[in-house]
Amino acid sequence: MIRCAAAALLLLASCRYDTSGETASCSITFSGDVTGTYDCRPAYLSWNPSVNNAATFTFSLPATSTRPEMAVSVGFHRQPAVGQYVSTDSDAEAYILVTTADGSTYGMQQGPPNNLGPGSGYWNLVLDTCVGPIRRYTGYAFDASGTLDFTLENGAVNAHVTF
Amino acid sequence: MNRANRWALAVVVLAAACRYDQTGETATCTITLSGAVTGTYDCRPAHVWWSPSVGNAAALEFEVAPTAGRPSVEASIGFAHQPSVGHFSSSESDAEGFFYVTATDGTFYSMQVGPPFNVGAFGGTWDLTFDKCDGPLRRYVGFAFDTSGSADVSIDNGNGTVTAHITF
């Protein structure tokens, strides 16, 4: 009986539903034309070998009365690992769009379909931890922590993300 | 059943209960675009989440990362209450979210609902139906749900009309 109880507790603890590809924290601080610090969870790190080997760190948050709208996806074409990734890497991709309460939009798009470079934007992703791959329906997720910095439209908007 | 068999059964049942691959991520997600942008694409991973502490916001969200010859889609549609089985639409008072499609020629189609505009749907409409909505499942930011259903989105922001049908 004791062994059964111990096994049950061990297995339940190992489930860790709350750490399967979703970052434990995500905080974004804007400066420039957009300001403020906001919770950006849920944020995810995923990798899909079957779709162009694409890996993305992403969060997509509708606006609230106190938060701008944010669609942020930066990534590359390989399995994520601890390290630094930047928008000048040859396989870098990004889609970032921030909409403020007055309707102003700031964004960048890098990679297909237009094969544009980062243009007037720049991003820098650092993965301090990257635990996985964790099998998901479509590819893999990772439990990650680190930072993301991006600048949009020649510095009109800057952001620092910790996750 | 002897003690050893009971122990083995308990292990199997508990291991199966973990279901790492079903914690808020939809099992399937297919989007079919028509109108100015066409095609059918896999839109996984898609998630349904609810954050009572951040505006009570709940959303179905997914991204179709662009590849050569494929448009990109950024989607987050939802409302400000706990998700449940049922039908929800952009005409409801607490509807919110956005839906962006970038065609392969770079043309941008967008729809936004709720804040920051607070004028209802801007540039289109959405309808969302949850046929299944199991949860809430505790997550870092609140809760996730294991869901299935469909969504229909219509965009007309002046660049042309794009409609999307999503099954998940």
# chains A, B, ... in the order shown; residues from 1 in each chain; ligands from 1
>>> residues_around(residues="Cys130 (chain A)", least_positions_apart="6", cutoff="8 Å", atoms="only C-alpha atoms", output="PyMOL selection string")
chain A and resi 80-82+142-145
>>> residues_around(residues="Asp127 (chain B)", least_positions_apart="6", cutoff="12 Å", atoms="only C-alpha atoms", output="VMD selection string")
chain B and resid 60 77 to 79 86 to 92 95 to 97 113 121 149 to 154 163 to 167
>>> write_last_selection(atoms="C-alpha atoms", output="tab-separated table (two decimals), in the first residue's frame")
chain	number	residue	atom	x	y	z
B	60	LEU	CA	-8.22	30.78	-29.07
B	77	ILE	CA	-9.97	35.69	-30.85
B	78	GLY	CA	-11.87	35.53	-27.62
B	79	PHE	CA	-13.79	37.26	-24.90
B	86	GLY	CA	-21.18	27.11	-26.88
B	87	HIS	CA	-21.17	29.77	-29.54
B	88	PHE	CA	-19.43	33.12	-29.26
B	89	SER	CA	-19.18	35.97	-31.72
B	90	SER	CA	-17.51	39.30	-32.29
B	91	SER	CA	-20.82	41.07	-31.82
B	92	GLU	CA	-20.91	40.28	-28.10
B	95	ALA	CA	-15.57	40.14	-27.59
B	96	GLU	CA	-11.94	40.92	-28.28
B	97	GLY	CA	-9.00	39.81	-30.35
B	113	VAL	CA	-12.30	43.50	-32.01
B	121	ALA	CA	-15.50	44.56	-34.79
B	149	GLY	CA	-14.84	23.18	-32.44
B	150	SER	CA	-14.76	25.64	-35.28
B	151	ALA	CA	-14.33	29.30	-36.06
B	152	ASP	CA	-15.24	31.49	-38.99
B	153	VAL	CA	-13.60	34.82	-39.63
B	154	SER	CA	-14.39	37.44	-42.22
B	163	THR	CA	-12.66	34.58	-45.10
B	164	ALA	CA	-11.30	31.83	-42.94
B	165	HIS	CA	-12.85	28.62	-41.69
B	166	ILE	CA	-11.00	26.92	-38.90
B	167	THR	CA	-11.68	23.49	-37.45
>>> closest_residue(among="B:Thr67, B:Asn56, B:Ser72, B:Ser148", to="Gly24 (chain B)", atoms="only C-alpha atoms")
B:Ser148
>>> residues_around(residues="Thr30 (chain B)", least_positions_apart="3", cutoff="8 Å", atoms="only C-alpha atoms", output="ChimeraX atom specification")
/B:40-44,166-168
>>> write_last_selection(atoms="N, CA and C atoms", output="PDB file, in the first residue's frame")
ATOM      1  N   THR B  40      -5.481  25.861 -47.830  1.00  0.00           N
ATOM      2  CA  THR B  40      -5.768  25.146 -46.588  1.00  0.00           C
ATOM      3  C   THR B  40      -4.449  24.800 -45.918  1.00  0.00           C
ATOM      4  N   TYR B  41      -4.373  25.128 -44.625  1.00  0.00           N
ATOM      5  CA  TYR B  41      -3.100  25.002 -43.934  1.00  0.00           C
ATOM      6  C   TYR B  41      -3.308  24.436 -42.529  1.00  0.00           C
ATOM      7  N   ASP B  42      -2.280  23.764 -42.045  1.00  0.00           N
ATOM      8  CA  ASP B  42      -2.234  23.293 -40.665  1.00  0.00           C
ATOM      9  C   ASP B  42      -1.948  24.505 -39.778  1.00  0.00           C
ATOM     10  N   CYS B  43      -2.797  24.724 -38.780  1.00  0.00           N
ATOM     11  CA  CYS B  43      -2.593  25.890 -37.911  1.00  0.00           C
ATOM     12  C   CYS B  43      -2.198  25.484 -36.488  1.00  0.00           C
ATOM     13  N   ARG B  44      -1.711  24.285 -36.314  1.00  0.00           N
ATOM     14  CA  ARG B  44      -1.184  23.890 -35.013  1.00  0.00           C
ATOM     15  C   ARG B  44       0.217  24.472 -34.798  1.00  0.00           C
ATOM     16  N   ILE B 166     -11.955  27.656 -39.699  1.00  0.00           N
ATOM     17  CA  ILE B 166     -10.996  26.916 -38.896  1.00  0.00           C
ATOM     18  C   ILE B 166     -11.720  25.784 -38.181  1.00  0.00           C
ATOM     19  N   THR B 167     -11.180  24.608 -38.260  1.00  0.00           N
ATOM     20  CA  THR B 167     -11.680  23.492 -37.451  1.00  0.00           C
ATOM     21  C   THR B 167     -10.538  23.052 -36.535  1.00  0.00           C
ATOM     22  N   PHE B 168     -10.905  22.744 -35.325  1.00  0.00           N
ATOM     23  CA  PHE B 168      -9.885  22.347 -34.345  1.00  0.00           C
ATOM     24  C   PHE B 168     -10.478  21.329 -33.380  1.00  0.00           C
TER      25      PHE B 168
END
>>> atom_distance(atom1="CA of Leu152 (chain A)", atom2="CA of Gln109 (chain A)")
10.1 Å
>>> atom_distance(atom1="CA of Asp105 (chain B)", atom2="CA of Gly123 (chain B)")
19.9 Å
>>> closest_residue(among="B:Pro136, B:Phe98, B:Pro52, B:Asp156", to="chain A", atoms="only C-alpha atoms")
B:Phe98
>>> residues_around(residues="Thr161 (chain B)", least_positions_apart="2", cutoff="12 Å", atoms="only C-alpha atoms", output="PDB file with C-alpha atoms, in the first residue's frame")
ATOM      1  CA  LEU B  33      -8.736  30.664 -46.514  1.00  0.00           C
ATOM      2  CA  SER B  34     -10.899  31.900 -49.345  1.00  0.00           C
ATOM      3  CA  GLY B  35     -11.424  35.159 -51.159  1.00  0.00           C
ATOM      4  CA  ALA B  36      -8.380  37.282 -51.812  1.00  0.00           C
ATOM      5  CA  VAL B  37      -6.168  34.681 -50.118  1.00  0.00           C
ATOM      6  CA  THR B  38      -6.763  30.989 -50.640  1.00  0.00           C
ATOM      7  CA  VAL B 101      -3.429  37.500 -42.730  1.00  0.00           C
ATOM      8  CA  ALA B 103      -0.626  37.219 -48.368  1.00  0.00           C
ATOM      9  CA  THR B 107      -0.883  42.425 -48.845  1.00  0.00           C
ATOM     10  CA  PHE B 108      -2.069  42.730 -45.260  1.00  0.00           C
ATOM     11  CA  TYR B 109      -5.597  41.898 -44.132  1.00  0.00           C
ATOM     12  CA  SER B 110      -6.601  42.601 -40.555  1.00  0.00           C
ATOM     13  CA  MET B 111      -9.512  42.486 -38.190  1.00  0.00           C
ATOM     14  CA  GLY B 123     -12.398  45.246 -40.333  1.00  0.00           C
ATOM     15  CA  GLY B 124     -14.439  42.086 -40.010  1.00  0.00           C
ATOM     16  CA  THR B 125     -16.226  39.630 -37.776  1.00  0.00           C
ATOM     17  CA  VAL B 153     -13.597  34.815 -39.626  1.00  0.00           C
ATOM     18  CA  SER B 154     -14.390  37.436 -42.218  1.00  0.00           C
ATOM     19  CA  ILE B 155     -11.962  40.243 -42.973  1.00  0.00           C
ATOM     20  CA  ASP B 156     -12.644  43.295 -45.064  1.00  0.00           C
ATOM     21  CA  ASN B 157     -10.273  46.098 -44.216  1.00  0.00           C
ATOM     22  CA  GLY B 158     -10.248  47.798 -47.576  1.00  0.00           C
ATOM     23  CA  ASN B 159      -7.576  45.613 -49.140  1.00  0.00           C
ATOM     24  CA  THR B 163     -12.664  34.583 -45.104  1.00  0.00           C
ATOM     25  CA  ALA B 164     -11.297  31.831 -42.942  1.00  0.00           C
TER      26      ALA B 164
END
>>> closest_residue(among="B:Ser84, B:Ser93, B:Ser51, B:Thr129", to="chain A", atoms="only C-alpha atoms")
B:Ser51
